[in-house]
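K.L.:
Mind having a look at this structure? Questions to follow.
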Amino acid sequence: MLATIEGRKLAIGNLKLMQREGVALRSWRAGPRVGDEGKTPMYIAVDGQAAGLIAVADTVKADSTEAIAALHRMGIEVVMITGDNRRTAEAIAGKWA
């Protein structure tokens with residue numbers, strides 16, 4: 001998301017957005033770590049400078065594990081389709097492995 005608020009350029013989004021906007025994230029090492037925890041890192045930049053990191057996590061429904069196990073018992077292969085980055089997706093999928 002890109003916006004201008006009171007004359008300041010604000011960008012909030014993923015790594016690709018920050019790269020496209022020319023925002024240097026070399027000192028922001030928490031992004032990959034939160035992906036390992038099953039969270040999606042969303043960076044914040046103000047006027048082209050890194051300003052923050054938000055870790056967003058979808059909650060897994062309580063009955064998902066039971067439903068997936070039932071499908072496995074029925075011989076059904078279960079796959080996950082997601083728009084999240086690979087690291088985050090693997091962390092979520094690992095909860096059912």
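Ordering of the structure tokens sets the chain letters (A, B, ...); residue numbers start at 1 within each chain; ligands are numbered from 1 in the order shown.
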Find the residues near A:Ala69: any atom within 12 Å, counting only C-alpha atoms, skip ones fewer than 4 places away on the same chain, and give them as a PDB file with all heavy atoms, in the first residue's frame.

P.N.:
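Written file, selection-v4.pdb:
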ATOM      1  N   ASP A  63     -10.457 -26.633  14.758  1.00  0.00           N
ATOM      2  CA  ASP A  63     -10.843 -27.933  14.215  1.00  0.00           C
ATOM      3  C   ASP A  63     -10.107 -28.307  12.928  1.00  0.00           C
ATOM      4  O   ASP A  63     -10.343 -29.363  12.345  1.00  0.00           O
ATOM      5  CB  ASP A  63     -12.352 -27.991  13.990  1.00  0.00           C
ATOM      6  CG  ASP A  63     -12.864 -26.902  13.060  1.00  0.00           C
ATOM      7  OD1 ASP A  63     -12.088 -26.000  12.712  1.00  0.00           O
ATOM      8  OD2 ASP A  63     -14.045 -26.971  12.684  1.00  0.00           O
ATOM      9  N   SER A  64      -9.155 -27.468  12.480  1.00  0.00           N
ATOM     10  CA  SER A  64      -8.425 -27.760  11.246  1.00  0.00           C
ATOM     11  C   SER A  64      -7.592 -29.026  11.353  1.00  0.00           C
ATOM     12  O   SER A  64      -7.573 -29.843  10.431  1.00  0.00           O
ATOM     13  CB  SER A  64      -7.521 -26.589  10.869  1.00  0.00           C
ATOM     14  OG  SER A  64      -8.286 -25.453  10.559  1.00  0.00           O
ATOM     15  N   THR A  65      -6.892 -29.193  12.464  1.00  0.00           N
ATOM     16  CA  THR A  65      -6.048 -30.372  12.638  1.00  0.00           C
ATOM     17  C   THR A  65      -6.883 -31.646  12.572  1.00  0.00           C
ATOM     18  O   THR A  65      -6.510 -32.616  11.905  1.00  0.00           O
ATOM     19  CB  THR A  65      -5.285 -30.292  13.976  1.00  0.00           C
ATOM     20  OG1 THR A  65      -4.503 -29.088  13.971  1.00  0.00           O
ATOM     21  CG2 THR A  65      -4.367 -31.479  14.163  1.00  0.00           C
ATOM     22  N   ARG A  73      -6.960 -39.999   6.921  1.00  0.00           N
ATOM     23  CA  ARG A  73      -7.457 -41.367   7.197  1.00  0.00           C
ATOM     24  C   ARG A  73      -8.294 -41.889   6.033  1.00  0.00           C
ATOM     25  O   ARG A  73      -8.356 -43.091   5.798  1.00  0.00           O
ATOM     26  CB  ARG A  73      -8.280 -41.391   8.486  1.00  0.00           C
ATOM     27  CG  ARG A  73      -7.446 -41.286   9.762  1.00  0.00           C
ATOM     28  CD  ARG A  73      -8.258 -41.592  11.017  1.00  0.00           C
ATOM     29  NE  ARG A  73      -9.373 -40.702  11.217  1.00  0.00           N
ATOM     30  CZ  ARG A  73      -9.324 -39.511  11.832  1.00  0.00           C
ATOM     31  NH1 ARG A  73      -8.167 -39.084  12.325  1.00  0.00           N
ATOM     32  NH2 ARG A  73     -10.394 -38.766  11.978  1.00  0.00           N
ATOM     33  N   MET A  74      -8.927 -40.997   5.301  1.00  0.00           N
ATOM     34  CA  MET A  74      -9.742 -41.381   4.150  1.00  0.00           C
ATOM     35  C   MET A  74      -8.888 -41.566   2.891  1.00  0.00           C
ATOM     36  O   MET A  74      -9.405 -41.867   1.823  1.00  0.00           O
ATOM     37  CB  MET A  74     -10.812 -40.311   3.892  1.00  0.00           C
ATOM     38  CG  MET A  74     -11.833 -40.224   5.014  1.00  0.00           C
ATOM     39  SD  MET A  74     -12.892 -38.740   4.976  1.00  0.00           S
ATOM     40  CE  MET A  74     -13.451 -38.673   3.308  1.00  0.00           C
ATOM     41  N   GLY A  75      -7.575 -41.364   3.039  1.00  0.00           N
ATOM     42  CA  GLY A  75      -6.677 -41.530   1.907  1.00  0.00           C
ATOM     43  C   GLY A  75      -6.629 -40.326   0.983  1.00  0.00           C
ATOM     44  O   GLY A  75      -6.158 -40.425  -0.148  1.00  0.00           O
ATOM     45  N   ILE A  76      -7.116 -39.213   1.451  1.00  0.00           N
ATOM     46  CA  ILE A  76      -7.140 -37.998   0.636  1.00  0.00           C
ATOM     47  C   ILE A  76      -5.880 -37.182   0.910  1.00  0.00           C
ATOM     48  O   ILE A  76      -5.554 -36.887   2.058  1.00  0.00           O
ATOM     49  CB  ILE A  76      -8.399 -37.159   0.932  1.00  0.00           C
ATOM     50  CG1 ILE A  76      -9.651 -37.964   0.553  1.00  0.00           C
ATOM     51  CG2 ILE A  76      -8.350 -35.821   0.205  1.00  0.00           C
ATOM     52  CD1 ILE A  76     -10.948 -37.308   0.960  1.00  0.00           C
ATOM     53  N   GLU A  77      -5.190 -36.837  -0.164  1.00  0.00           N
ATOM     54  CA  GLU A  77      -4.005 -35.996  -0.036  1.00  0.00           C
ATOM     55  C   GLU A  77      -4.453 -34.547   0.184  1.00  0.00           C
ATOM     56  O   GLU A  77      -5.293 -34.027  -0.553  1.00  0.00           O
ATOM     57  CB  GLU A  77      -3.144 -36.075  -1.297  1.00  0.00           C
ATOM     58  CG  GLU A  77      -1.904 -35.224  -1.223  1.00  0.00           C
ATOM     59  CD  GLU A  77      -1.074 -35.268  -2.500  1.00  0.00           C
ATOM     60  OE1 GLU A  77      -1.526 -35.840  -3.503  1.00  0.00           O
ATOM     61  OE2 GLU A  77       0.018 -34.692  -2.474  1.00  0.00           O
ATOM     62  N   VAL A  78      -3.908 -33.919   1.189  1.00  0.00           N
ATOM     63  CA  VAL A  78      -4.270 -32.544   1.525  1.00  0.00           C
ATOM     64  C   VAL A  78      -3.135 -31.625   1.101  1.00  0.00           C
ATOM     65  O   VAL A  78      -1.968 -31.889   1.388  1.00  0.00           O
ATOM     66  CB  VAL A  78      -4.539 -32.403   3.044  1.00  0.00           C
ATOM     67  CG1 VAL A  78      -4.855 -30.966   3.405  1.00  0.00           C
ATOM     68  CG2 VAL A  78      -5.653 -33.340   3.473  1.00  0.00           C
ATOM     69  N   LYS A  95       2.728 -27.540  11.044  1.00  0.00           N
ATOM     70  CA  LYS A  95       1.884 -27.822  12.201  1.00  0.00           C
ATOM     71  C   LYS A  95       1.045 -29.081  11.993  1.00  0.00           C
ATOM     72  O   LYS A  95       0.533 -29.645  12.940  1.00  0.00           O
ATOM     73  CB  LYS A  95       0.968 -26.629  12.493  1.00  0.00           C
ATOM     74  CG  LYS A  95       1.738 -25.404  12.921  1.00  0.00           C
ATOM     75  CD  LYS A  95       0.834 -24.238  13.187  1.00  0.00           C
ATOM     76  CE  LYS A  95       1.683 -23.034  13.598  1.00  0.00           C
ATOM     77  NZ  LYS A  95       0.882 -21.893  13.948  1.00  0.00           N
ATOM     78  N   TRP A  96       0.903 -29.511  10.719  1.00  0.00           N
ATOM     79  CA  TRP A  96       0.099 -30.701  10.428  1.00  0.00           C
ATOM     80  C   TRP A  96       0.935 -31.869   9.976  1.00  0.00           C
ATOM     81  O   TRP A  96       0.408 -32.907   9.644  1.00  0.00           O
ATOM     82  CB  TRP A  96      -0.959 -30.387   9.365  1.00  0.00           C
ATOM     83  CG  TRP A  96      -2.003 -29.460   9.896  1.00  0.00           C
ATOM     84  CD1 TRP A  96      -2.903 -29.744  10.874  1.00  0.00           C
ATOM     85  CD2 TRP A  96      -2.236 -28.131   9.497  1.00  0.00           C
ATOM     86  NE1 TRP A  96      -3.679 -28.641  11.110  1.00  0.00           N
ATOM     87  CE2 TRP A  96      -3.319 -27.640  10.271  1.00  0.00           C
ATOM     88  CE3 TRP A  96      -1.674 -27.287   8.558  1.00  0.00           C
ATOM     89  CZ2 TRP A  96      -3.815 -26.359  10.127  1.00  0.00           C
ATOM     90  CZ3 TRP A  96      -2.169 -26.013   8.421  1.00  0.00           C
ATOM     91  CH2 TRP A  96      -3.224 -25.564   9.209  1.00  0.00           C
ATOM     92  N   ALA A  97       2.240 -31.689   9.923  1.00  0.00           N
ATOM     93  CA  ALA A  97       3.103 -32.771   9.444  1.00  0.00           C
ATOM     94  C   ALA A  97       3.235 -33.866  10.478  1.00  0.00           C
ATOM     95  O   ALA A  97       3.019 -33.718  11.625  1.00  0.00           O
ATOM     96  CB  ALA A  97       4.473 -32.207   9.095  1.00  0.00           C
TER      97      ALA A  97
END

K.L.:
Which residues come within 9 Å of A:Gln49, counting only C-alpha atoms, excluding same-chain residues fewer than 5 positions away, as JSON, numbers by chain?

P.N.:
{"A": [22, 23, 24, 25, 44]}

K.L.:
Can you spit out the residues from that selection as a PDB file, in the first residue's frame, using all heavy atoms?

P.N.:
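Saved result, out-v2.pdb, follows:
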ATOM      1  N   GLY A  22      12.644   1.070  -3.519  1.00  0.00           N
ATOM      2  CA  GLY A  22      14.027   1.438  -3.224  1.00  0.00           C
ATOM      3  C   GLY A  22      14.336   1.619  -1.754  1.00  0.00           C
ATOM      4  O   GLY A  22      15.258   2.342  -1.391  1.00  0.00           O
ATOM      5  N   VAL A  23      13.579   0.931  -0.887  1.00  0.00           N
ATOM      6  CA  VAL A  23      13.791   1.036   0.560  1.00  0.00           C
ATOM      7  C   VAL A  23      14.832   0.003   0.995  1.00  0.00           C
ATOM      8  O   VAL A  23      14.661  -1.193   0.760  1.00  0.00           O
ATOM      9  CB  VAL A  23      12.472   0.807   1.332  1.00  0.00           C
ATOM     10  CG1 VAL A  23      12.717   0.839   2.828  1.00  0.00           C
ATOM     11  CG2 VAL A  23      11.428   1.841   0.916  1.00  0.00           C
ATOM     12  N   ALA A  24      15.920   0.445   1.605  1.00  0.00           N
ATOM     13  CA  ALA A  24      16.971  -0.451   2.093  1.00  0.00           C
ATOM     14  C   ALA A  24      16.524  -1.100   3.403  1.00  0.00           C
ATOM     15  O   ALA A  24      16.122  -0.399   4.333  1.00  0.00           O
ATOM     16  CB  ALA A  24      18.265   0.324   2.301  1.00  0.00           C
ATOM     17  N   LEU A  25      16.596  -2.425   3.452  1.00  0.00           N
ATOM     18  CA  LEU A  25      16.175  -3.157   4.655  1.00  0.00           C
ATOM     19  C   LEU A  25      17.322  -3.964   5.257  1.00  0.00           C
ATOM     20  O   LEU A  25      17.087  -4.895   6.016  1.00  0.00           O
ATOM     21  CB  LEU A  25      15.012  -4.105   4.306  1.00  0.00           C
ATOM     22  CG  LEU A  25      13.726  -3.450   3.844  1.00  0.00           C
ATOM     23  CD1 LEU A  25      12.735  -4.500   3.359  1.00  0.00           C
ATOM     24  CD2 LEU A  25      13.116  -2.627   4.962  1.00  0.00           C
ATOM     25  N   ILE A  44       7.249  -1.255   6.963  1.00  0.00           N
ATOM     26  CA  ILE A  44       6.728   0.108   6.903  1.00  0.00           C
ATOM     27  C   ILE A  44       7.898   1.027   6.557  1.00  0.00           C
ATOM     28  O   ILE A  44       8.974   0.925   7.155  1.00  0.00           O
ATOM     29  CB  ILE A  44       6.131   0.540   8.259  1.00  0.00           C
ATOM     30  CG1 ILE A  44       5.030  -0.420   8.685  1.00  0.00           C
ATOM     31  CG2 ILE A  44       5.612   1.975   8.193  1.00  0.00           C
ATOM     32  CD1 ILE A  44       4.614  -0.267  10.129  1.00  0.00           C
TER      33      ILE A  44
END

K.L.:
For A:Ala57, list every protein, DNA or RNA residue within 12 Å, evaluated using only C-alpha atoms, and leave out those in the same chain fewer than 4 positions away; present the list as a list in words.

P.N.:
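Everything that qualifies: Val34, Gly35, Asp36, Glu37, Gly38, Lys39, Thr40, Pro41, Met42, Asp84, Thr88, Ala89, Ala91 and Ile92 of chain A.
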
K.L.:
Those residues with N, CA and C atoms, as a short mmCIF file (atom, residue, chain, number, x, y, z; two decimals), in the first residue's frame please?

P.N.:
data_model
loop_
_atom_site.label_atom_id
_atom_site.label_comp_id
_atom_site.auth_asym_id
_atom_site.auth_seq_id
_atom_site.Cartn_x
_atom_site.Cartn_y
_atom_site.Cartn_z
N VAL A 34 10.40 -13.93 11.48
CA VAL A 34 8.97 -14.02 11.73
C VAL A 34 8.32 -14.98 10.74
N GLY A 35 8.89 -15.08 9.53
CA GLY A 35 8.39 -16.06 8.56
C GLY A 35 8.57 -17.48 9.06
N ASP A 36 9.69 -17.74 9.74
CA ASP A 36 9.93 -19.06 10.32
C ASP A 36 8.90 -19.39 11.40
N GLU A 37 8.31 -18.37 11.98
CA GLU A 37 7.30 -18.56 13.04
C GLU A 37 5.88 -18.65 12.47
N GLY A 38 5.77 -18.66 11.14
CA GLY A 38 4.45 -18.74 10.51
C GLY A 38 3.74 -17.40 10.40
N LYS A 39 4.51 -16.33 10.51
CA LYS A 39 3.94 -14.99 10.38
C LYS A 39 4.44 -14.35 9.09
N THR A 40 3.66 -13.43 8.56
CA THR A 40 4.05 -12.73 7.35
C THR A 40 4.60 -11.36 7.73
N PRO A 41 5.87 -11.08 7.34
CA PRO A 41 6.42 -9.76 7.66
C PRO A 41 5.88 -8.71 6.71
N MET A 42 5.45 -7.59 7.27
CA MET A 42 5.02 -6.44 6.49
C MET A 42 5.86 -5.25 6.97
N ASP A 84 0.93 -16.51 0.81
CA ASP A 84 2.05 -16.16 1.69
C ASP A 84 3.37 -16.58 1.07
N THR A 88 6.79 -18.73 5.37
CA THR A 88 5.60 -18.68 6.21
C THR A 88 4.70 -19.87 5.96
N ALA A 89 4.48 -20.20 4.69
CA ALA A 89 3.64 -21.33 4.33
C ALA A 89 4.18 -22.64 4.91
N ALA A 91 6.04 -23.01 7.56
CA ALA A 91 5.87 -23.00 9.02
C ALA A 91 4.44 -23.38 9.40
N ILE A 92 3.47 -22.87 8.67
CA ILE A 92 2.06 -23.22 8.93
C ILE A 92 1.81 -24.69 8.60
#

K.L.:
Could you tell me how far atom CA of A:Leu17 lies from atom CA of A:Leu2, in Å and to one decimal?

P.N.:
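Between these atoms lies a distance of 9.3 Å.
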
K.L.:
Between A:Gly52, A:Arg20, A:Arg33, A:Val46, which has the minimum distance to A:Glu6 (counting only C-alpha atoms)?

P.N.:
A:Val46

K.L.:
If DSSP is run on the backbone, what residues of stretch 23-87 of chain A are helix (DSSP H, G or I)? A reply as a ChimeraX atom specification would be ideal.

P.N.:
/A:30-36,64-73,86-87

K.L.:
Only all heavy atoms, please: the residues just picked out, written as a short mmCIF file (atom, residue, chain, number, x, y, z; two decimals), in the first residue's frame.

P.N.:
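Wrote result.cif, looks like this:
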data_model
loop_
_atom_site.label_atom_id
_atom_site.label_comp_id
_atom_site.auth_asym_id
_atom_site.auth_seq_id
_atom_site.Cartn_x
_atom_site.Cartn_y
_atom_site.Cartn_z
N ALA A 30 14.66 -9.10 11.28
CA ALA A 30 13.56 -9.85 11.89
C ALA A 30 12.59 -10.40 10.87
O ALA A 30 11.90 -11.37 11.13
CB ALA A 30 12.81 -8.96 12.89
N GLY A 31 12.53 -9.83 9.66
CA GLY A 31 11.59 -10.28 8.65
C GLY A 31 11.65 -11.77 8.38
O GLY A 31 10.65 -12.48 8.52
N PRO A 32 12.82 -12.32 8.03
CA PRO A 32 12.89 -13.77 7.80
C PRO A 32 12.55 -14.59 9.05
O PRO A 32 11.94 -15.64 8.96
CB PRO A 32 14.34 -13.99 7.37
CG PRO A 32 14.76 -12.67 6.81
CD PRO A 32 14.03 -11.64 7.64
N ARG A 33 12.93 -14.10 10.21
CA ARG A 33 12.66 -14.84 11.45
C ARG A 33 11.17 -14.98 11.71
O ARG A 33 10.69 -16.04 12.10
CB ARG A 33 13.36 -14.18 12.64
CG ARG A 33 13.25 -15.01 13.90
CD ARG A 33 14.04 -14.43 15.07
NE ARG A 33 13.46 -13.19 15.52
CZ ARG A 33 14.09 -12.01 15.52
NH1 ARG A 33 15.32 -11.92 15.10
NH2 ARG A 33 13.48 -10.94 15.97
N VAL A 34 10.40 -13.93 11.48
CA VAL A 34 8.97 -14.02 11.73
C VAL A 34 8.32 -14.98 10.74
O VAL A 34 7.34 -15.64 11.06
CB VAL A 34 8.25 -12.66 11.76
CG1 VAL A 34 8.79 -11.78 12.86
CG2 VAL A 34 8.30 -11.96 10.43
N GLY A 35 8.89 -15.08 9.53
CA GLY A 35 8.39 -16.06 8.56
C GLY A 35 8.57 -17.48 9.06
O GLY A 35 7.72 -18.34 8.86
N ASP A 36 9.69 -17.74 9.74
CA ASP A 36 9.93 -19.06 10.32
C ASP A 36 8.90 -19.39 11.40
O ASP A 36 8.66 -20.55 11.71
CB ASP A 36 11.33 -19.13 10.94
CG ASP A 36 12.42 -19.14 9.89
OD1 ASP A 36 12.13 -19.45 8.72
OD2 ASP A 36 13.57 -18.81 10.25
N SER A 64 -9.15 -27.47 12.48
CA SER A 64 -8.43 -27.76 11.25
C SER A 64 -7.59 -29.03 11.35
O SER A 64 -7.57 -29.84 10.43
CB SER A 64 -7.52 -26.59 10.87
OG SER A 64 -8.29 -25.45 10.56
N THR A 65 -6.89 -29.19 12.46
CA THR A 65 -6.05 -30.37 12.64
C THR A 65 -6.88 -31.65 12.57
O THR A 65 -6.51 -32.62 11.90
CB THR A 65 -5.28 -30.29 13.98
OG1 THR A 65 -4.50 -29.09 13.97
CG2 THR A 65 -4.37 -31.48 14.16
N GLU A 66 -8.02 -31.64 13.23
CA GLU A 66 -8.90 -32.80 13.22
C GLU A 66 -9.44 -33.08 11.81
O GLU A 66 -9.48 -34.22 11.37
CB GLU A 66 -10.07 -32.57 14.18
CG GLU A 66 -11.01 -33.74 14.30
CD GLU A 66 -12.16 -33.44 15.25
OE1 GLU A 66 -11.93 -32.76 16.26
OE2 GLU A 66 -13.28 -33.90 14.96
N ALA A 67 -9.82 -32.05 11.11
CA ALA A 67 -10.35 -32.21 9.75
C ALA A 67 -9.28 -32.76 8.80
O ALA A 67 -9.56 -33.66 8.00
CB ALA A 67 -10.88 -30.88 9.23
N ILE A 68 -8.07 -32.26 8.92
CA ILE A 68 -6.98 -32.74 8.06
C ILE A 68 -6.66 -34.20 8.39
O ILE A 68 -6.45 -35.01 7.48
CB ILE A 68 -5.74 -31.83 8.19
CG1 ILE A 68 -6.05 -30.47 7.56
CG2 ILE A 68 -4.52 -32.46 7.55
CD1 ILE A 68 -5.04 -29.40 7.84
N ALA A 69 -6.62 -34.55 9.66
CA ALA A 69 -6.38 -35.94 10.05
C ALA A 69 -7.46 -36.86 9.49
O ALA A 69 -7.16 -37.96 9.00
CB ALA A 69 -6.30 -36.06 11.57
N ALA A 70 -8.71 -36.42 9.53
CA ALA A 70 -9.81 -37.23 9.00
C ALA A 70 -9.65 -37.43 7.49
O ALA A 70 -9.87 -38.54 6.97
CB ALA A 70 -11.16 -36.57 9.30
N LEU A 71 -9.26 -36.40 6.79
CA LEU A 71 -9.03 -36.53 5.35
C LEU A 71 -7.88 -37.49 5.05
O LEU A 71 -7.97 -38.31 4.13
CB LEU A 71 -8.75 -35.15 4.73
CG LEU A 71 -9.94 -34.19 4.71
CD1 LEU A 71 -9.49 -32.79 4.36
CD2 LEU A 71 -11.00 -34.68 3.72
N HIS A 72 -6.82 -37.41 5.83
CA HIS A 72 -5.70 -38.35 5.67
C HIS A 72 -6.15 -39.78 5.89
O HIS A 72 -5.77 -40.68 5.13
CB HIS A 72 -4.56 -38.00 6.63
CG HIS A 72 -3.74 -36.84 6.18
ND1 HIS A 72 -2.93 -36.13 7.04
CD2 HIS A 72 -3.58 -36.24 4.98
CE1 HIS A 72 -2.32 -35.16 6.39
NE2 HIS A 72 -2.70 -35.20 5.13
N ARG A 73 -6.96 -40.00 6.92
CA ARG A 73 -7.46 -41.37 7.20
C ARG A 73 -8.29 -41.89 6.03
O ARG A 73 -8.36 -43.09 5.80
CB ARG A 73 -8.28 -41.39 8.49
CG ARG A 73 -7.45 -41.29 9.76
CD ARG A 73 -8.26 -41.59 11.02
NE ARG A 73 -9.37 -40.70 11.22
CZ ARG A 73 -9.32 -39.51 11.83
NH1 ARG A 73 -8.17 -39.08 12.32
NH2 ARG A 73 -10.39 -38.77 11.98
N ARG A 86 6.99 -18.52 0.90
CA ARG A 86 7.28 -19.94 1.11
C ARG A 86 7.62 -20.25 2.58
O ARG A 86 7.15 -21.23 3.15
CB ARG A 86 8.40 -20.39 0.19
CG ARG A 86 8.69 -21.88 0.29
CD ARG A 86 9.79 -22.29 -0.69
NE ARG A 86 9.92 -23.71 -0.70
CZ ARG A 86 9.34 -24.52 -1.58
NH1 ARG A 86 8.59 -24.02 -2.53
NH2 ARG A 86 9.51 -25.81 -1.51
N ARG A 87 8.46 -19.42 3.19
CA ARG A 87 8.89 -19.66 4.57
C ARG A 87 7.69 -19.69 5.52
O ARG A 87 7.56 -20.56 6.36
CB ARG A 87 9.89 -18.58 4.98
CG ARG A 87 10.34 -18.69 6.41
CD ARG A 87 11.38 -17.66 6.75
NE ARG A 87 12.67 -18.21 6.40
CZ ARG A 87 13.64 -17.55 5.78
NH1 ARG A 87 13.48 -16.32 5.43
NH2 ARG A 87 14.78 -18.14 5.53
#

K.L.:
What is the distance, in Å and to one decimal place, between atom CA of A:Asp58 and atom CA of A:Lys16?

P.N.:
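We find that atom CA of A:Asp58 and atom CA of A:Lys16 lie 20.3 Å from each other.
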
K.L.:
Give me, please, the distance in Å between atom CA of A:Lys9 and atom CA of A:Glu21, quoted to one decimal.

P.N.:
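Computing the Euclidean distance for atom CA of A:Lys9 and atom CA of A:Glu21 yields 10.6 Å.
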
K.L.:
Write down as a ChimeraX atom specification the residues belonging to chain A that are assigned strand (DSSP E) by DSSP computed on the backbone.

P.N.:
/A:2-5,8-13,40-46,49-56
